[in-house]
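Q: Take a look at the following structure, please.
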Amino acid sequence: MEEVTVSPSEYDEVLTPEAIEFVVALDREFGARRVQLLDRRRRRRATRTTELDFLPSTRQIRIDDTWTVAPPAEDLMDRRVEITGPPERKMTINALNSGAKVWMADFEDATAPTWDNVVSGQRNLRAALDGTLDFTAPDGREYKIGTELPTIMVRPRGWHLPECHVRIGGRAVSASLFDFGLYLFHCGRKQIERGSGPYFYLPKLESHLEARLWNDVFVFAQNLLGIPRGTIRATVLIETITAAFEMEEILYELREHSAGLNAGRWDYLFSMIKNRPDVVLPERSQVTMTAPFMRAYTELLVKTCHRRGAHAIGGMAAVVPSRDPVAAKRALNQVRQDKRREVGDGFDGSWVAHPGLVQTCREVFDQWLGFEPHQIVRKREDVRVTAKELLDVKSSAVTVSEVALRTNVSVALRYVAAWLGGRGAVALGGLMEDAATAEICRTQLWQWISTGTPTDYGVPVTAGLVTRMLREELDVLAETGALDEESARCFGQARTLLTVLLSERTCPEFFTLPAYLRHMTGGGLKPAAVLPV
């Protein structure tokens, strides 16, 4: 017998014994495979001696023209505008009322995984489906959801993260299985009764074997709950360079549950640095979606999806609309231009981070698609992408400006501090930032330090230089009176964490894992149930 322990929570209606038993069943069945695949990730990166390439062992899957994914679910046919955000009450209501076709409730990059955040997020999803979700702001304004909801998709946390507030014999369960399991247990049948279904986004996958694990989880979970096989649908974010070489295989593994692929920009660049640390990327503002290797990646994604009958979903528009009309017009024009590129390339839909961008994005896709729900019929047979093109980063003469250096320092510090304070979606510099932004900022800083990348004012980037800038950024905040006791604590923890991560010999995989383990796993545990092994 292994004792199952669960941290206290005020949301007992979410953490019922039956729901916890379901999560525990998932973790007992698949937890060991998850650990093995995470070990495989690390070994693969550490022992690689040649450049990345398409897998010879799965060539037959790629050349076989006979297979496709399952037809789209009815309410996933038209996905021209998808809004994303954390399942926090006010942001949930605003997203559900935004006019978007799909809302992705994000337990991953846009949620700081405090125990309260992850459990209350599940409660908010239940309340939204029950029509009881509301919110009253401090100024008295009331927020309620409308009568027509968009299609809801849920992004659980990645395979690499644990949920330390639920333990089996002292071992933390998988955060992925916790988020997925609670939502499916409480909301799966509710969604089916609404004529929808339990739909998911799967983040941070690095291989088709990880997709195979998810598919096995889906089959097991549906059988356990008596839900018809194939009811679950999932879109995979292609946000790692290794996954970009296995897009066909990922769709194949999930084909009975697949709802396409999505292109994730910042995490993709972050993955490039982790897997190719000696190939220096320029300032992140210069690495646009028109860069040759990014064009290769997105065009291959569209071709792969449409060849297999799947949706291809474009990247994020993260602008927070300004109250300055001139600045707002300029920002919306940039969003419009980006979305025109996406729909012109063949994407069937795209992401926005703010309700104020839904109309702009929708107008662009409406002009192109008209009354058609998608453009999967465009097979993009003109696209031919080689492994070399996916890796074609021109970095021979990279220098870093002081502005870019300080921007990365500022964004990383401010975001990590906010994350430690419980906020995962943070408006910084006119953009709605999430953990992916902090990851690309801190990994670029690490790469510039580790390679001694020169600045445009003649000195190399060093750990000492970045440490000094972190201190200066904190000093400015302190001098302006922007830090109360709690925020000063979070900024201090963020500075310490970043200093440690930037000093590592090899690029740390994620900031979220050590930050979570050091700062978000406190609190007593109480026995919730004793279940058989």
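Residue names in the structure tokens use chain letters A, B, ... in the order shown, residue numbers from 1 in each chain, and ligand numbers from 1 in the order shown.
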To test your reading of the structure, identify every residue in range 243-423 of chain A that backbone DSSP assigns to alpha helix (DSSP H), and report it as a VMD selection string.
A: chain A and resid 243 to 244 247 to 253 265 to 275 292 to 307 325 to 345 358 to 369 387 to 390 402 to 420
Q: Give me the range 458-513 of chain A side of the contact with range 403-426 of chain A, cut-off 6 Å, one line per residue showing its nearest atom pair and distance in Å at one decimal, counting only C-alpha atoms, sorted by chain and residue number, as a tab-separated table.
A:
```
residue	atom	partner	partner_atom	distance
A:Cys490	CA	A:Ala417	CA	4.9
A:Phe491	CA	A:Ala417	CA	4.8
A:Ala494	CA	A:Ala417	CA	5.1
```
Q: Taking C-alpha atoms for each residue, export the selection above as a PDB file, in the first residue's frame.
A:
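Result written to again22.pdb:
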```pdb
ATOM      1  CA  CYS A 490      10.100  37.961  -5.393  1.00  0.00           C
ATOM      2  CA  PHE A 491      12.605  40.137  -7.256  1.00  0.00           C
ATOM      3  CA  ALA A 494      14.325  36.002  -9.282  1.00  0.00           C
TER       4      ALA A 494
END
```
Q: Show me, as JSON, numbers by chain, the residues that have an atom within 12 Å of Glu51 in chain A when counting only C-alpha atoms, minus same-chain residues fewer than 2 positions from it.
A: {"A": [44, 45, 47, 48, 49, 53, 54, 55, 241, 242, 245, 272, 275, 276, 279, 387, 388, 390, 391, 392]}
Q: Could you name the residues that touch Ala296 in chain A at 7 Å or less, counting only C-alpha atoms, but leaving out those on the same chain fewer than 3 positions away, as a PyMOL selection string?
A: chain A and resi 292-293+299-300+385+389-390
Q: Pick the closest to Ile145 in chain A from A:Ile168, A:Met91, A:Cys187, A:Ala112: which is it, counting only C-alpha atoms?
A: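 Smallest separation from Ile145 in chain A among the options: A:Met91.
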